[in-house]
Amino acid sequence: MKKHLIIMLLSAIALDVFSQQKLNTNKTPVMKLNAGIVTEKISESKAFYTSLFNFGVTFENEFYLLLHSPDKKSEISFLLPNHPSQQPLFHKPFQGQGMYLTIEVDNVDEIYKFFKKKNIEMKIDIRNESWGDRHFAIEDPNGVGIDVVTYAPNN
């Protein structure tokens with residue numbers, strides 16, 4: 001009788017473990033995007049993102065800088081071109097075209113006023129879009145367009 005109970009108990013445990021494994025295989029994989037820019041302007045980029053957007057430094061060495069947004073949910077990195085520690089794929093510097101970043105904020109008007117006081121050049125002045133978003137755009141030291149936006153609530 002004890003042997004039968006032990007077998008039933010082990011079977012129940014095995015079934016539970018198997019069902020948990022099966023459930024876990026259906027989970028969405030964890031994924032995090034980190035945009036990276038190959039540039040000579042690492043110190044300028046650091047000053048730009050930390051002073052204007054309050055990004056923090058996650059990691060920094062002589063050829064690489066990793067910054068995080070204030071809530072630590074987003075990151076951006078900067079890498080010196082042609083660095084011998086990197087593979088050739090990551091050697092060519094960004095040419096300042098064909099890329100933009102969107103930074104979503106709670107109150108775009110406050111950020112706009114702050115940037116105007118700092119005499120930051122506006123590439124697109126603050127405006128409302130027909131779909132309801134309010135935004136403006138500036139450019140980082142690498143030529144990347146930065147769209148600063150407050151999204152309209154879903155109607």
# chains A, B, ... in the order shown; residues from 1 in each chain; ligands from 1
call {"tool": "residues_around", "arguments": {"residues": "A:Leu52", "least_positions_apart": "5", "cutoff": "10 Å", "atoms": "only C-alpha atoms", "output": "list in words"}}
result
Lys46, Ala47, Ile111, Phe114, Phe115, Lys118 and Ile120 of chain A
call {"tool": "residues_around", "arguments": {"residues": "A:Ile37", "least_positions_apart": "2", "cutoff": "8 Å", "atoms": "only C-alpha atoms", "output": "list in words"}}
result
Ala35, Thr39, Ile76, Ser77, Phe78, Leu79, Pro93 and Phe94 of chain A
call {"tool": "residues_around", "arguments": {"residues": "A:Phe59", "least_positions_apart": "6", "cutoff": "10 Å", "atoms": "only C-alpha atoms", "output": "PyMOL selection string"}}
result
chain A and resi 65-68+77
call {"tool": "closest_residue", "arguments": {"among": "A:Thr50, A:Thr150, A:Thr58, A:Ser43", "to": "A:Asn107", "atoms": "only C-alpha atoms"}}
result
A:Thr150
call {"tool": "closest_residue", "arguments": {"among": "A:Gly143, A:Gly36, A:Asp71, A:Tyr64", "to": "A:Gln97", "atoms": "only C-alpha atoms"}}
result
A:Gly143
call {"tool": "residues_around", "arguments": {"residues": "A:Ile124", "least_positions_apart": "2", "cutoff": "8 Å", "atoms": "only C-alpha atoms", "output": "list in words"}}
result
Met122, Ile126, Phe136, Ala137 and Ile138 of chain A
call {"tool": "select_by_dssp", "arguments": {"residues": "stretch 4-152 of chain A", "states": "strand (DSSP E)", "output": "count of residues only"}}
result
42
call {"tool": "closest_residue", "arguments": {"among": "A:Ile103, A:Ala152, A:Ile146, A:Val38", "to": "A:Asp133", "atoms": "only C-alpha atoms"}}
result
A:Ala152
call {"tool": "atom_distance", "arguments": {"atom1": "atom CA of A:Asp147", "atom2": "atom CA of A:His135"}}
result
6.8 Å
call {"tool": "atom_distance", "arguments": {"atom1": "atom CA of A:Tyr49", "atom2": "atom CA of A:Lys92"}}
result
22.2 Å
call {"tool": "closest_residue", "arguments": {"among": "A:Phe63, A:Tyr151, A:Trp131, A:Phe90", "to": "A:Glu40", "atoms": "only C-alpha atoms"}}
result
A:Phe63
